[in-house]
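Beneath this line is the structure, given in structure tokens, with notes to follow.
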Amino acid sequence: MASTIALKQRIKSVKGTRQITKAMQLVSASKMRRAQDQAFKSRAYRDVAYELLSRLNIVKEVSREPLFRVRPVKARLYIIITSNSGLAGAYNANTLKLLFKSIKADQDAGVASRVIAIGNKGAQFVRRLNSVDLVAVYSALGDHPSANDIRPVLNTMVQSYKDETVDDVQIIYTNFKSNLVQEAQKIQLLPAKTDGIDDKATPAVALNFEPDVETVIEQVTTRLIEAQVWQAVLESLASEHSMRMLAMKNATDNAKDLIDDYTLELNTARQATITQELAEITGGAEALNG
């Protein structure tokens, strides 16, 4: 059994840790509410952007546009969104696991893998992988990102595809479903062809482009892809703060349980010490009387 001094030190240390985790829980809860509101408000815009891309896919002229051109995949670019710090439960682990699984599949298929990391945790992971090119790292998005923050990512991605440096671009992020459920997802950004589109089932509509088809497709497609990247960033932020809040709540609860256990052990040690002292006094008194 540990000494009473050691138990008191442990209790003091755990109480200090509990204060920190409790504060982090409250901060994450506040940030989560703001991030959640932002993610919910922009989902409709993301859905409309996806629908517009679906409509553009039925236009015959898009086959000549660089961002819609499908070619054999020799190199694939991944954009992965992680956090700059830990203590967020399985938030980083889930996305990194999905990234590793995708890279392993590429290696088996003879496809080169390149990564743009948003967040330091993703960059640290990719640096430890062999035969994976870390193209760029963006770690300064913060809790209130703007469209200008993600524009360098968008420009790098689009230019790499136009230059045929990569033949496929995918983004891996954490989709926020509820305070308790967050899921790592992977969606394709380039070529800008939405999945599940049935050209025969799509009703034929008259589409008018001003000033011309090429100009509209080139400018609009980039903005629609930007909307998807932007929404992925917002979903990831909401997921990060939610998972960190839950992780800190669990840590706070565990600290309380530890304090209770150590307090019980401390009281038991005190009782044993008192009992031993009483026994020694009684024994000494009997020896004197004898």
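Residues are referred to by chain and number: the chain letter is A, B, ... according to the order shown in the structure tokens, the number counts from 1 in that chain, and ligands are numbered separately from 1 in the order shown.
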For range 265-269 of chain A, work out the shell of residues within 10 Å, counting only C-alpha atoms and skipping chain neighbours fewer than 6 positions away, then give it as a count of residues only. 11
Tell me which protein, DNA and RNA residues are within 12 Å of Ala147 in chain A, counting only C-alpha atoms, leaving out same-chain ones fewer than 4 positions away, and put them as a PyMOL selection string. chain A and resi 141+151-154+223+226-231+233-234
For Gln170 in chain A, which residue out of A:Arg18, A:Leu87, A:Ile225, A:Gly142 is the nearest one, using only C-alpha atoms? A:Ile225
When you look at Ile172 in chain A with a cut-off of 7 Å (counting only C-alpha atoms), what residues show up, excluding the ones that are within fewer than 6 positions of it in the same chain? I need them as a PDB file with C-alpha atoms, in the first residue's frame.
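The result, stored in selection_0.pdb:
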```pdb
ATOM      1  CA  ILE A  79      -6.246  16.305 -49.447  1.00  0.00           C
ATOM      2  CA  ILE A  80      -6.484  15.230 -45.819  1.00  0.00           C
ATOM      3  CA  ILE A  81      -7.960  17.373 -43.053  1.00  0.00           C
ATOM      4  CA  THR A  95      -8.975  10.008 -41.097  1.00  0.00           C
ATOM      5  CA  GLN A 185     -15.248  10.074 -45.469  1.00  0.00           C
ATOM      6  CA  LYS A 186     -13.515  10.238 -48.827  1.00  0.00           C
ATOM      7  CA  ILE A 187     -14.984  12.001 -51.852  1.00  0.00           C
TER       8      ILE A 187
END
```
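Here the strand (DSSP E) residues in range 159-281 of chain A, by DSSP on the backbone, are Asp168, Val169, Gln170, Ile171, Ile172, Tyr173, Thr174, Asn175, Phe176, Gln182, Glu183, Ala184, Gln185, Lys186, Ile187, Gln188, Leu189 and Leu190 of chain A.
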